file input25.pdb (PDB, C-alpha atoms, pLDDT in the B column)
ATOM      1  CA  MET A   1      12.988 223.235 124.840  1.00 78.00           C
ATOM      2  CA  HIS A   2      10.875 220.061 124.729  1.00 86.00           C
ATOM      3  CA  TYR A   3      12.798 218.210 127.425  1.00 92.00           C
ATOM      4  CA  ASN A   4      13.325 218.330 131.171  1.00 91.00           C
ATOM      5  CA  PHE A   5      16.077 215.724 131.463  1.00 93.00           C
ATOM      6  CA  ILE A   6      18.756 215.163 128.800  1.00 96.00           C
ATOM      7  CA  THR A   7      21.450 212.519 129.159  1.00 96.00           C
ATOM      8  CA  ILE A   8      24.676 212.305 127.173  1.00 97.00           C
ATOM      9  CA  GLU A   9      26.388 208.958 126.770  1.00 97.00           C
ATOM     10  CA  GLY A  10      29.233 207.362 124.873  1.00 96.00           C
ATOM     11  CA  ASN A  11      32.372 205.340 125.293  1.00 97.00           C
ATOM     12  CA  ILE A  12      35.375 206.344 127.404  1.00 96.00           C
ATOM     13  CA  GLY A  13      36.857 209.482 125.852  1.00 95.00           C
ATOM     14  CA  ALA A  14      33.897 210.252 123.581  1.00 96.00           C
ATOM     15  CA  GLY A  15      33.463 213.833 124.865  1.00 95.00           C
ATOM     16  CA  LYS A  16      30.411 213.424 127.089  1.00 96.00           C
ATOM     17  CA  THR A  17      31.446 215.809 129.850  1.00 95.00           C
ATOM     18  CA  THR A  18      32.632 218.548 127.488  1.00 96.00           C
ATOM     19  CA  LEU A  19      29.322 218.507 125.633  1.00 97.00           C
ATOM     20  CA  ALA A  20      27.339 218.403 128.901  1.00 97.00           C
ATOM     21  CA  HIS A  21      29.162 221.503 130.178  1.00 97.00           C
ATOM     22  CA  LEU A  22      28.561 223.435 126.957  1.00 97.00           C
ATOM     23  CA  LEU A  23      24.890 222.511 126.696  1.00 97.00           C
ATOM     24  CA  SER A  24      24.201 223.323 130.337  1.00 96.00           C
ATOM     25  CA  LYS A  25      25.762 226.737 129.827  1.00 96.00           C
ATOM     26  CA  HIS A  26      23.730 227.356 126.663  1.00 96.00           C
ATOM     27  CA  TYR A  27      20.412 226.345 128.239  1.00 94.00           C
ATOM     28  CA  ASN A  28      21.187 227.545 131.782  1.00 93.00           C
ATOM     29  CA  ALA A  29      20.491 223.976 132.880  1.00 93.00           C
ATOM     30  CA  ARG A  30      21.352 222.104 136.036  1.00 91.00           C
ATOM     31  CA  LEU A  31      24.414 219.953 135.385  1.00 93.00           C
ATOM     32  CA  VAL A  32      24.902 216.447 136.781  1.00 93.00           C
ATOM     33  CA  LEU A  33      28.394 215.026 136.225  1.00 94.00           C
ATOM     34  CA  GLU A  34      29.709 211.606 137.066  1.00 91.00           C
ATOM     35  CA  GLU A  35      32.158 211.791 139.969  1.00 84.00           C
ATOM     36  CA  PHE A  36      34.451 209.070 138.669  1.00 77.00           C
ATOM     37  CA  ALA A  37      37.533 210.519 140.369  1.00 70.00           C
ATOM     38  CA  ASP A  38      36.046 209.666 143.779  1.00 79.00           C
ATOM     39  CA  ASN A  39      36.029 205.937 143.038  1.00 88.00           C
ATOM     40  CA  PRO A  40      39.048 204.511 144.909  1.00 92.00           C
ATOM     41  CA  PHE A  41      38.849 201.249 142.947  1.00 94.00           C
ATOM     42  CA  LEU A  42      39.300 202.775 139.485  1.00 92.00           C
ATOM     43  CA  PRO A  43      43.128 202.867 139.323  1.00 91.00           C
ATOM     44  CA  LYS A  44      43.236 199.419 140.958  1.00 94.00           C
ATOM     45  CA  PHE A  45      40.771 198.053 138.398  1.00 94.00           C
ATOM     46  CA  TYR A  46      42.951 199.030 135.450  1.00 91.00           C
ATOM     47  CA  GLU A  47      45.891 197.286 137.120  1.00 92.00           C
ATOM     48  CA  ASN A  48      43.970 194.163 138.172  1.00 94.00           C
ATOM     49  CA  PRO A  49      40.469 193.950 136.578  1.00 93.00           C
ATOM     50  CA  GLY A  50      39.679 190.474 137.880  1.00 93.00           C
ATOM     51  CA  GLN A  51      40.155 191.422 141.520  1.00 95.00           C
ATOM     52  CA  TYR A  52      38.616 194.891 141.539  1.00 97.00           C
ATOM     53  CA  ALA A  53      35.810 194.826 138.947  1.00 97.00           C
ATOM     54  CA  PHE A  54      33.016 193.978 141.399  1.00 97.00           C
ATOM     55  CA  PRO A  55      33.802 196.621 144.058  1.00 97.00           C
ATOM     56  CA  LEU A  56      34.441 199.120 141.255  1.00 96.00           C
ATOM     57  CA  GLU A  57      30.996 198.582 139.746  1.00 97.00           C
ATOM     58  CA  LEU A  58      29.238 198.518 143.133  1.00 96.00           C
ATOM     59  CA  PHE A  59      30.831 201.816 144.105  1.00 96.00           C
ATOM     60  CA  PHE A  60      29.847 203.429 140.799  1.00 95.00           C
ATOM     61  CA  MET A  61      26.265 202.202 141.086  1.00 96.00           C
ATOM     62  CA  ALA A  62      25.904 203.466 144.667  1.00 95.00           C
ATOM     63  CA  GLU A  63      27.311 206.897 143.794  1.00 93.00           C
ATOM     64  CA  ARG A  64      25.234 207.280 140.623  1.00 94.00           C
ATOM     65  CA  PHE A  65      22.092 206.217 142.463  1.00 94.00           C
ATOM     66  CA  LYS A  66      22.680 208.703 145.273  1.00 92.00           C
ATOM     67  CA  GLN A  67      23.356 211.503 142.812  1.00 90.00           C
ATOM     68  CA  LEU A  68      20.246 210.867 140.706  1.00 90.00           C
ATOM     69  CA  LYS A  69      18.070 210.217 143.770  1.00 88.00           C
ATOM     70  CA  ASP A  70      19.076 213.630 145.114  1.00 84.00           C
ATOM     71  CA  LEU A  71      18.100 215.077 141.737  1.00 77.00           C
ATOM     72  CA  ILE A  72      14.518 213.921 142.258  1.00 70.00           C
ATOM     73  CA  GLN A  73      14.340 215.429 145.732  1.00 70.00           C
ATOM     74  CA  GLN A  74      15.896 218.807 144.896  1.00 70.00           C
ATOM     75  CA  LYS A  75      13.597 220.654 142.537  1.00 64.00           C
ATOM     76  CA  ASP A  76      15.157 223.906 141.353  1.00 62.00           C
ATOM     77  CA  LEU A  77      12.492 226.490 140.493  1.00 50.00           C
ATOM     78  CA  PHE A  78      14.920 228.446 138.327  1.00 52.00           C
ATOM     79  CA  GLN A  79      16.278 225.512 136.302  1.00 66.00           C
ATOM     80  CA  ASN A  80      13.656 223.377 134.593  1.00 83.00           C
ATOM     81  CA  LEU A  81      16.208 221.489 132.499  1.00 91.00           C
ATOM     82  CA  THR A  82      18.773 218.997 133.800  1.00 93.00           C
ATOM     83  CA  ILE A  83      21.671 217.667 131.721  1.00 95.00           C
ATOM     84  CA  SER A  84      23.691 214.639 132.812  1.00 95.00           C
ATOM     85  CA  ASP A  85      26.849 213.124 131.336  1.00 96.00           C
ATOM     86  CA  TYR A  86      25.788 209.555 132.132  1.00 96.00           C
ATOM     87  CA  LEU A  87      22.844 207.184 131.909  1.00 95.00           C
ATOM     88  CA  PHE A  88      22.183 205.117 135.019  1.00 95.00           C
ATOM     89  CA  THR A  89      21.902 201.996 132.864  1.00 95.00           C
ATOM     90  CA  LYS A  90      25.615 202.529 132.234  1.00 95.00           C
ATOM     91  CA  CYS A  91      26.081 200.598 135.501  1.00 96.00           C
ATOM     92  CA  LEU A  92      24.622 197.472 133.977  1.00 96.00           C
ATOM     93  CA  LEU A  93      26.405 197.833 130.634  1.00 96.00           C
ATOM     94  CA  PHE A  94      29.879 198.181 132.138  1.00 97.00           C
ATOM     95  CA  ALA A  95      29.150 195.396 134.620  1.00 97.00           C
ATOM     96  CA  LYS A  96      28.186 193.122 131.737  1.00 96.00           C
ATOM     97  CA  VAL A  97      31.611 193.679 130.189  1.00 97.00           C
ATOM     98  CA  ASN A  98      33.651 193.610 133.399  1.00 97.00           C
ATOM     99  CA  LEU A  99      32.090 190.930 135.605  1.00 97.00           C
ATOM    100  CA  PRO A 100      32.011 187.129 135.363  1.00 97.00           C
ATOM    101  CA  GLU A 101      28.561 185.630 134.867  1.00 97.00           C
ATOM    102  CA  ASP A 102      27.774 184.770 138.508  1.00 96.00           C
ATOM    103  CA  GLU A 103      28.803 188.209 139.792  1.00 97.00           C
ATOM    104  CA  PHE A 104      26.920 189.892 136.969  1.00 97.00           C
ATOM    105  CA  ARG A 105      23.682 188.083 137.880  1.00 97.00           C
ATOM    106  CA  LEU A 106      23.985 189.306 141.476  1.00 97.00           C
ATOM    107  CA  TYR A 107      24.815 192.812 140.326  1.00 97.00           C
ATOM    108  CA  GLN A 108      21.853 192.780 137.927  1.00 97.00           C
ATOM    109  CA  ARG A 109      19.471 191.884 140.761  1.00 96.00           C
ATOM    110  CA  LEU A 110      20.690 194.857 142.794  1.00 96.00           C
ATOM    111  CA  PHE A 111      20.476 197.118 139.753  1.00 97.00           C
ATOM    112  CA  GLU A 112      16.868 196.167 139.015  1.00 95.00           C
ATOM    113  CA  ILE A 113      15.819 196.899 142.600  1.00 93.00           C
ATOM    114  CA  ILE A 114      17.083 200.482 142.553  1.00 93.00           C
ATOM    115  CA  HIS A 115      16.742 201.375 138.861  1.00 92.00           C
ATOM    116  CA  GLN A 116      12.957 201.625 139.069  1.00 88.00           C
ATOM    117  CA  GLN A 117      13.239 204.353 141.727  1.00 89.00           C
ATOM    118  CA  LEU A 118      14.910 206.817 139.347  1.00 90.00           C
ATOM    119  CA  ILE A 119      13.555 209.133 136.693  1.00 87.00           C
ATOM    120  CA  GLN A 120      14.567 208.303 133.136  1.00 88.00           C
ATOM    121  CA  PRO A 121      15.859 210.874 130.628  1.00 93.00           C
ATOM    122  CA  ASP A 122      13.506 212.345 128.042  1.00 93.00           C
ATOM    123  CA  ILE A 123      16.174 211.938 125.384  1.00 95.00           C
ATOM    124  CA  LEU A 124      19.649 210.410 125.099  1.00 96.00           C
ATOM    125  CA  ILE A 125      22.490 211.898 123.074  1.00 97.00           C
ATOM    126  CA  TYR A 126      24.875 209.084 122.214  1.00 97.00           C
ATOM    127  CA  LEU A 127      28.341 210.088 120.969  1.00 97.00           C
ATOM    128  CA  HIS A 128      29.797 207.398 118.742  1.00 97.00           C
ATOM    129  CA  ALA A 129      33.503 207.672 117.899  1.00 96.00           C
ATOM    130  CA  PRO A 130      35.914 205.068 116.513  1.00 96.00           C
ATOM    131  CA  VAL A 131      38.309 203.482 118.973  1.00 97.00           C
ATOM    132  CA  GLN A 132      41.302 205.209 117.393  1.00 96.00           C
ATOM    133  CA  ARG A 133      39.717 208.593 118.129  1.00 96.00           C
ATOM    134  CA  LEU A 134      38.803 207.506 121.659  1.00 96.00           C
ATOM    135  CA  GLN A 135      42.406 206.527 122.342  1.00 96.00           C
ATOM    136  CA  LYS A 136      43.585 209.894 121.039  1.00 95.00           C
ATOM    137  CA  ASN A 137      41.190 211.698 123.386  1.00 94.00           C
ATOM    138  CA  ILE A 138      42.182 209.491 126.328  1.00 95.00           C
ATOM    139  CA  LYS A 139      45.851 210.269 125.807  1.00 94.00           C
ATOM    140  CA  LYS A 140      45.092 213.984 125.442  1.00 92.00           C
ATOM    141  CA  ARG A 141      43.279 214.248 128.781  1.00 90.00           C
ATOM    142  CA  ASN A 142      46.185 212.363 130.370  1.00 86.00           C
ATOM    143  CA  ARG A 143      44.620 210.481 133.288  1.00 87.00           C
ATOM    144  CA  LEU A 144      47.454 208.186 134.274  1.00 85.00           C
ATOM    145  CA  TYR A 145      45.342 205.106 135.068  1.00 84.00           C
ATOM    146  CA  GLU A 146      43.602 205.256 131.648  1.00 89.00           C
ATOM    147  CA  GLN A 147      46.722 205.246 129.492  1.00 90.00           C
ATOM    148  CA  LYS A 148      46.923 201.462 129.112  1.00 90.00           C
ATOM    149  CA  ILE A 149      43.279 200.787 128.226  1.00 94.00           C
ATOM    150  CA  PRO A 150      43.418 198.213 125.391  1.00 95.00           C
ATOM    151  CA  ASP A 151      41.505 198.712 122.151  1.00 97.00           C
ATOM    152  CA  SER A 152      39.670 195.437 122.783  1.00 97.00           C
ATOM    153  CA  TYR A 153      38.127 196.827 125.983  1.00 96.00           C
ATOM    154  CA  LEU A 154      36.881 199.952 124.192  1.00 97.00           C
ATOM    155  CA  PHE A 155      35.442 197.791 121.396  1.00 97.00           C
ATOM    156  CA  SER A 156      33.556 195.706 123.979  1.00 97.00           C
ATOM    157  CA  ILE A 157      32.094 198.803 125.647  1.00 97.00           C
ATOM    158  CA  GLN A 158      31.137 200.245 122.251  1.00 96.00           C
ATOM    159  CA  GLU A 159      29.341 197.094 121.166  1.00 96.00           C
ATOM    160  CA  THR A 160      27.499 196.789 124.489  1.00 96.00           C
ATOM    161  CA  TYR A 161      26.228 200.368 124.287  1.00 95.00           C
ATOM    162  CA  THR A 162      25.068 200.187 120.675  1.00 92.00           C
ATOM    163  CA  HIS A 163      23.384 196.812 121.193  1.00 93.00           C
ATOM    164  CA  TYR A 164      21.504 198.124 124.230  1.00 92.00           C
ATOM    165  CA  ILE A 165      20.318 201.295 122.492  1.00 89.00           C
ATOM    166  CA  ARG A 166      19.134 199.425 119.411  1.00 86.00           C
ATOM    167  CA  GLN A 167      17.305 196.809 121.483  1.00 87.00           C
ATOM    168  CA  HIS A 168      15.433 199.297 123.699  1.00 82.00           C
ATOM    169  CA  ASN A 169      12.916 201.962 122.855  1.00 77.00           C
ATOM    170  CA  ILE A 170      14.985 204.926 124.006  1.00 84.00           C
ATOM    171  CA  LYS A 171      14.600 208.237 122.229  1.00 91.00           C
ATOM    172  CA  THR A 172      18.171 208.741 121.045  1.00 94.00           C
ATOM    173  CA  ILE A 173      20.144 211.182 118.920  1.00 95.00           C
ATOM    174  CA  PHE A 174      22.975 208.988 117.654  1.00 95.00           C
ATOM    175  CA  VAL A 175      25.850 211.374 116.845  1.00 97.00           C
ATOM    176  CA  ASP A 176      28.765 210.501 114.576  1.00 96.00           C
ATOM    177  CA  ALA A 177      31.470 212.016 116.783  1.00 95.00           C
ATOM    178  CA  ALA A 178      34.491 210.776 114.824  1.00 95.00           C
ATOM    179  CA  ASN A 179      35.666 214.347 114.223  1.00 94.00           C
ATOM    180  CA  ALA A 180      33.756 216.095 117.006  1.00 94.00           C
ATOM    181  CA  ASP A 181      35.257 219.223 118.535  1.00 93.00           C
ATOM    182  CA  PHE A 182      32.446 220.713 120.595  1.00 94.00           C
ATOM    183  CA  PHE A 183      34.712 223.110 122.434  1.00 90.00           C
ATOM    184  CA  GLY A 184      36.665 224.387 119.440  1.00 91.00           C
ATOM    185  CA  ASN A 185      34.114 224.212 116.630  1.00 94.00           C
ATOM    186  CA  GLU A 186      30.956 226.261 117.169  1.00 93.00           C
ATOM    187  CA  LYS A 187      29.214 224.530 114.246  1.00 96.00           C
ATOM    188  CA  HIS A 188      29.490 221.163 115.979  1.00 97.00           C
ATOM    189  CA  LEU A 189      27.877 222.463 119.159  1.00 97.00           C
ATOM    190  CA  GLN A 190      25.221 224.357 117.210  1.00 97.00           C
ATOM    191  CA  THR A 191      24.304 221.180 115.313  1.00 96.00           C
ATOM    192  CA  ILE A 192      23.517 219.466 118.622  1.00 96.00           C
ATOM    193  CA  ILE A 193      21.546 222.486 119.854  1.00 96.00           C
ATOM    194  CA  ASN A 194      19.532 222.599 116.619  1.00 95.00           C
ATOM    195  CA  ALA A 195      18.736 218.907 116.986  1.00 94.00           C
ATOM    196  CA  LEU A 196      17.563 219.355 120.580  1.00 94.00           C
ATOM    197  CA  ASP A 197      15.340 222.252 119.581  1.00 91.00           C
ATOM    198  CA  LYS A 198      13.395 219.873 117.326  1.00 88.00           C
ATOM    199  CA  GLU A 199      10.785 217.506 118.676  1.00 82.00           C
ATOM    200  CA  TYR A 200      11.803 213.962 117.808  1.00 80.00           C
ATOM    201  CA  PRO A 201       9.528 210.902 117.877  1.00 79.00           C
ATOM    202  CA  ASP A 202      10.660 207.864 119.843  1.00 81.00           C
ATOM    203  CA  GLY A 203      13.419 205.742 118.386  1.00 83.00           C
ATOM    204  CA  GLN A 204      16.915 206.406 117.074  1.00 87.00           C
ATOM    205  CA  HIS A 205      17.824 209.432 114.989  1.00 91.00           C
ATOM    206  CA  TYR A 206      21.220 209.808 113.349  1.00 93.00           C
ATOM    207  CA  LEU A 207      23.160 213.051 113.229  1.00 94.00           C
ATOM    208  CA  THR A 208      26.341 213.903 111.331  1.00 93.00           C
ATOM    209  CA  LEU A 209      28.430 216.881 112.357  1.00 94.00           C
ATOM    210  CA  PRO A 210      29.509 219.360 109.642  1.00 90.00           C
TER     211      PRO A 210
END
call {"tool": "encode", "arguments": {"input": "input25.pdb", "output": "structure tokens"}}
result
Amino acid sequence: MHYNFITIEGNIGAGKTTLAHLLSKHYNARLVLEEFADNPFLPKFYENPGQYAFPLELFFMAERFKQLKDLIQQKDLFQNLTISDYLFTKCLLFAKVNLPEDEFRLYQRLFEIIHQQLIQPDILIYLHAPVQRLQKNIKKRNRLYEQKIPDSYLFSIQETYTHYIRQHNIKTIFVDAANADFFGNEKHLQTIINALDKEYPDGQHYLTLP
């Protein structure tokens, strides 16, 4: 294994957490999962985005920062690899979509102050799935507050992610996850494992699942 810190990202319903669980089990890695269920503003946001977007994003940023800051301070001698199902920059990307310009500028200032205190992943796995597939996955996992997410919102998140990745020099495995079934199809998981076992140069690298 060439990496110490692997991050998995993607749109809502892309399969990030499932893949993170499976990879952490395969590599006996420490697993860091986003604790989205603890955010009291999330159901309220989907009902009234204009009123609750700013506290929603502040809460997420504070929780993600605390979680990743603890990661730096707690070195596990028996687990040299850490796998996370989110990138801290996710804070800024979702805020860009959800906040009006004046609130976003304030949020961005706070983000830049704390972002530099965190370690960055060695490589990013980005799961890209069409919105139709995302909606199917969202309905399947059946979180009540997610069931009315409009396609337009998922398109906005998708575009923001892909634009960010292409504009920044992040070592990324860009996975076509349109038909991904990491839990049910061993070949799909093995394809990701095989890719991680290679040593990639910086930049974006595209991967198609069998």
call {"tool": "resolve_selection", "arguments": {"input": "input25.pdb", "expression": "the PyMOL selection byres ((chain A and resi 82) around 6)", "output": "PyMOL selection string"}}
result
chain A and resi 5+29-31+81+83
call {"tool": "closest_residue", "arguments": {"input": "input25.pdb", "among": "A:Leu99, A:Ile138, A:Ile123, A:Leu189", "to": "Leu56 (chain A)", "atoms": "only C-alpha atoms"}}
result
A:Leu99
call {"tool": "atom_distance", "arguments": {"input": "input25.pdb", "atom1": "CA of Gln204 (chain A)", "atom2": "CA of Leu33 (chain A)"}}
result
23.9 Å
call {"tool": "resolve_selection", "arguments": {"input": "input25.pdb", "expression": "the PyMOL selection byres ((chain A and resi 129) around 7)", "output": "VMD selection string"}}
result
chain A and resid 14 127 to 128 130 to 131 133 to 134 176 to 178
call {"tool": "closest_residue", "arguments": {"input": "input25.pdb", "among": "A:Asn98, A:Gln190, A:Asn137, A:Thr18", "to": "Asn48 (chain A)", "atoms": "all atoms listed in the file"}}
result
A:Asn98
call {"tool": "resolve_selection", "arguments": {"input": "input25.pdb", "expression": "the PyMOL selection byres ((chain A and resi 71) around 12)", "output": "PDB file with C-alpha atoms, keeping the file's coordinate frame"}}
result
ATOM      1  CA  PHE A   5      16.077 215.724 131.463  1.00 93.00           C
ATOM      2  CA  ARG A  30      21.352 222.104 136.036  1.00 91.00           C
ATOM      3  CA  LEU A  31      24.414 219.953 135.385  1.00 93.00           C
ATOM      4  CA  VAL A  32      24.902 216.447 136.781  1.00 93.00           C
ATOM      5  CA  LEU A  33      28.394 215.026 136.225  1.00 94.00           C
ATOM      6  CA  ARG A  64      25.234 207.280 140.623  1.00 94.00           C
ATOM      7  CA  PHE A  65      22.092 206.217 142.463  1.00 94.00           C
ATOM      8  CA  LYS A  66      22.680 208.703 145.273  1.00 92.00           C
ATOM      9  CA  GLN A  67      23.356 211.503 142.812  1.00 90.00           C
ATOM     10  CA  LEU A  68      20.246 210.867 140.706  1.00 90.00           C
ATOM     11  CA  LYS A  69      18.070 210.217 143.770  1.00 88.00           C
ATOM     12  CA  ASP A  70      19.076 213.630 145.114  1.00 84.00           C
ATOM     13  CA  ILE A  72      14.518 213.921 142.258  1.00 70.00           C
ATOM     14  CA  GLN A  73      14.340 215.429 145.732  1.00 70.00           C
ATOM     15  CA  GLN A  74      15.896 218.807 144.896  1.00 70.00           C
ATOM     16  CA  LYS A  75      13.597 220.654 142.537  1.00 64.00           C
ATOM     17  CA  ASP A  76      15.157 223.906 141.353  1.00 62.00           C
ATOM     18  CA  GLN A  79      16.278 225.512 136.302  1.00 66.00           C
ATOM     19  CA  ASN A  80      13.656 223.377 134.593  1.00 83.00           C
ATOM     20  CA  LEU A  81      16.208 221.489 132.499  1.00 91.00           C
ATOM     21  CA  THR A  82      18.773 218.997 133.800  1.00 93.00           C
ATOM     22  CA  ILE A  83      21.671 217.667 131.721  1.00 95.00           C
ATOM     23  CA  SER A  84      23.691 214.639 132.812  1.00 95.00           C
ATOM     24  CA  GLN A 117      13.239 204.353 141.727  1.00 89.00           C
ATOM     25  CA  LEU A 118      14.910 206.817 139.347  1.00 90.00           C
ATOM     26  CA  ILE A 119      13.555 209.133 136.693  1.00 87.00           C
ATOM     27  CA  GLN A 120      14.567 208.303 133.136  1.00 88.00           C
TER      28      GLN A 120
END
call {"tool": "residues_around", "arguments": {"input": "input25.pdb", "residues": "Glu159 (chain A)", "least_positions_apart": "4", "cutoff": "10 Å", "atoms": "all atoms listed in the file", "output": "mmCIF file with C-alpha atoms, keeping the file's coordinate frame"}}
result
data_model
loop_
_atom_site.group_PDB
_atom_site.id
_atom_site.type_symbol
_atom_site.label_atom_id
_atom_site.label_comp_id
_atom_site.auth_asym_id
_atom_site.auth_seq_id
_atom_site.Cartn_x
_atom_site.Cartn_y
_atom_site.Cartn_z
ATOM 1 C CA ASN A 11 32.372 205.340 125.293
ATOM 2 C CA LEU A 93 26.405 197.833 130.634
ATOM 3 C CA VAL A 97 31.611 193.679 130.189
ATOM 4 C CA LEU A 154 36.881 199.952 124.192
ATOM 5 C CA PHE A 155 35.442 197.791 121.396
ATOM 6 C CA HIS A 163 23.384 196.812 121.193
ATOM 7 C CA TYR A 164 21.504 198.124 124.230
#
call {"tool": "atom_distance", "arguments": {"input": "input25.pdb", "atom1": "CA of Thr89 (chain A)", "atom2": "CA of Arg166 (chain A)"}}
result
14.0 Å
call {"tool": "atom_distance", "arguments": {"input": "input25.pdb", "atom1": "CA of Ser24 (chain A)", "atom2": "CA of Thr191 (chain A)"}}
result
15.2 Å
call {"tool": "closest_residue", "arguments": {"input": "input25.pdb", "among": "A:Pro100, A:Gly10, A:Lys90, A:Tyr153", "to": "Gln51 (chain A)", "atoms": "all atoms listed in the file"}}
result
A:Pro100
call {"tool": "closest_residue", "arguments": {"input": "input25.pdb", "among": "A:Tyr27, A:Phe174, A:Phe36, A:Phe59", "to": "Met1 (chain A)", "atoms": "all atoms listed in the file"}}
result
A:Tyr27
call {"tool": "closest_residue", "arguments": {"input": "input25.pdb", "among": "A:Tyr46, A:Lys96, A:Asn169, A:Phe183", "to": "Ala20 (chain A)", "atoms": "only C-alpha atoms"}}
result
A:Phe183
call {"tool": "closest_residue", "arguments": {"input": "input25.pdb", "among": "A:Gln135, A:Thr17, A:Asp202, A:His26", "to": "Glu186 (chain A)", "atoms": "only C-alpha atoms"}}
result
A:His26
call {"tool": "residues_around", "arguments": {"input": "input25.pdb", "residues": "Pro55 (chain A)", "least_positions_apart": "5", "cutoff": "10 Å", "atoms": "only C-alpha atoms", "output": "ChimeraX atom specification"}}
result
/A:39-42,45,60-61
call {"tool": "residues_near_point", "arguments": {"input": "input25.pdb", "point": "(32.0, 202.5, 130.3)", "cutoff": "6 Å", "atoms": "only C-alpha atoms", "output": "VMD selection string"}}
result
chain A and resid 11 to 12 94 157
call {"tool": "decode", "arguments": {"input": "input25.pdb", "residues": "region 177-196 of chain A", "atoms": "N, CA and C atoms", "output": "PDB file, in the first residue's frame"}}
result
ATOM      1  N   ALA A 177     -19.161   5.129 -11.754  1.00  0.00           N
ATOM      2  CA  ALA A 177     -19.924   4.307 -10.810  1.00  0.00           C
ATOM      3  C   ALA A 177     -21.388   4.172 -11.220  1.00  0.00           C
ATOM      4  N   ALA A 178     -21.659   4.315 -12.517  1.00  0.00           N
ATOM      5  CA  ALA A 178     -23.040   4.259 -13.000  1.00  0.00           C
ATOM      6  C   ALA A 178     -23.702   2.930 -12.659  1.00  0.00           C
ATOM      7  N   ASN A 179     -22.932   1.851 -12.708  1.00  0.00           N
ATOM      8  CA  ASN A 179     -23.481   0.521 -12.425  1.00  0.00           C
ATOM      9  C   ASN A 179     -22.773  -0.130 -11.237  1.00  0.00           C
ATOM     10  N   ALA A 180     -22.195   0.674 -10.376  1.00  0.00           N
ATOM     11  CA  ALA A 180     -21.394   0.137  -9.272  1.00  0.00           C
ATOM     12  C   ALA A 180     -22.253  -0.645  -8.274  1.00  0.00           C
ATOM     13  N   ASP A 181     -21.714  -1.779  -7.865  1.00  0.00           N
ATOM     14  CA  ASP A 181     -22.331  -2.588  -6.810  1.00  0.00           C
ATOM     15  C   ASP A 181     -21.193  -3.180  -5.994  1.00  0.00           C
ATOM     16  N   PHE A 182     -20.578  -2.356  -5.158  1.00  0.00           N
ATOM     17  CA  PHE A 182     -19.379  -2.783  -4.441  1.00  0.00           C
ATOM     18  C   PHE A 182     -19.670  -3.882  -3.436  1.00  0.00           C
ATOM     19  N   PHE A 183     -20.866  -3.877  -2.895  1.00  0.00           N
ATOM     20  CA  PHE A 183     -21.221  -4.881  -1.898  1.00  0.00           C
ATOM     21  C   PHE A 183     -21.584  -6.213  -2.554  1.00  0.00           C
ATOM     22  N   GLY A 184     -22.261  -6.160  -3.688  1.00  0.00           N
ATOM     23  CA  GLY A 184     -22.762  -7.384  -4.302  1.00  0.00           C
ATOM     24  C   GLY A 184     -21.909  -7.957  -5.406  1.00  0.00           C
ATOM     25  N   ASN A 185     -20.998  -7.143  -5.955  1.00  0.00           N
ATOM     26  CA  ASN A 185     -20.172  -7.598  -7.073  1.00  0.00           C
ATOM     27  C   ASN A 185     -18.698  -7.532  -6.681  1.00  0.00           C
ATOM     28  N   GLU A 186     -18.102  -8.678  -6.440  1.00  0.00           N
ATOM     29  CA  GLU A 186     -16.706  -8.718  -5.980  1.00  0.00           C
ATOM     30  C   GLU A 186     -15.745  -8.118  -7.003  1.00  0.00           C
ATOM     31  N   LYS A 187     -16.087  -8.221  -8.291  1.00  0.00           N
ATOM     32  CA  LYS A 187     -15.204  -7.679  -9.332  1.00  0.00           C
ATOM     33  C   LYS A 187     -15.116  -6.160  -9.236  1.00  0.00           C
ATOM     34  N   HIS A 188     -16.206  -5.518  -8.859  1.00  0.00           N
ATOM     35  CA  HIS A 188     -16.195  -4.062  -8.739  1.00  0.00           C
ATOM     36  C   HIS A 188     -15.267  -3.626  -7.600  1.00  0.00           C
ATOM     37  N   LEU A 189     -15.378  -4.290  -6.473  1.00  0.00           N
ATOM     38  CA  LEU A 189     -14.501  -3.964  -5.344  1.00  0.00           C
ATOM     39  C   LEU A 189     -13.050  -4.279  -5.686  1.00  0.00           C
ATOM     40  N   GLN A 190     -12.822  -5.410  -6.324  1.00  0.00           N
ATOM     41  CA  GLN A 190     -11.450  -5.813  -6.651  1.00  0.00           C
ATOM     42  C   GLN A 190     -10.806  -4.842  -7.637  1.00  0.00           C
ATOM     43  N   THR A 191     -11.607  -4.261  -8.523  1.00  0.00           N
ATOM     44  CA  THR A 191     -11.077  -3.271  -9.467  1.00  0.00           C
ATOM     45  C   THR A 191     -10.540  -2.052  -8.724  1.00  0.00           C
ATOM     46  N   ILE A 192     -11.249  -1.624  -7.689  1.00  0.00           N
ATOM     47  CA  ILE A 192     -10.777  -0.492  -6.880  1.00  0.00           C
ATOM     48  C   ILE A 192      -9.512  -0.876  -6.119  1.00  0.00           C
ATOM     49  N   ILE A 193      -9.495  -2.066  -5.547  1.00  0.00           N
ATOM     50  CA  ILE A 193      -8.319  -2.531  -4.801  1.00  0.00           C
ATOM     51  C   ILE A 193      -7.098  -2.609  -5.717  1.00  0.00           C
ATOM     52  N   ASN A 194      -7.287  -3.153  -6.912  1.00  0.00           N
ATOM     53  CA  ASN A 194      -6.183  -3.251  -7.875  1.00  0.00           C
ATOM     54  C   ASN A 194      -5.647  -1.866  -8.235  1.00  0.00           C
ATOM     55  N   ALA A 195      -6.545  -0.912  -8.374  1.00  0.00           N
ATOM     56  CA  ALA A 195      -6.126   0.452  -8.702  1.00  0.00           C
ATOM     57  C   ALA A 195      -5.324   1.068  -7.558  1.00  0.00           C
ATOM     58  N   LEU A 196      -5.761   0.831  -6.320  1.00  0.00           N
ATOM     59  CA  LEU A 196      -5.045   1.385  -5.172  1.00  0.00           C
ATOM     60  C   LEU A 196      -3.686   0.741  -4.975  1.00  0.00           C
TER      61      LEU A 196
END
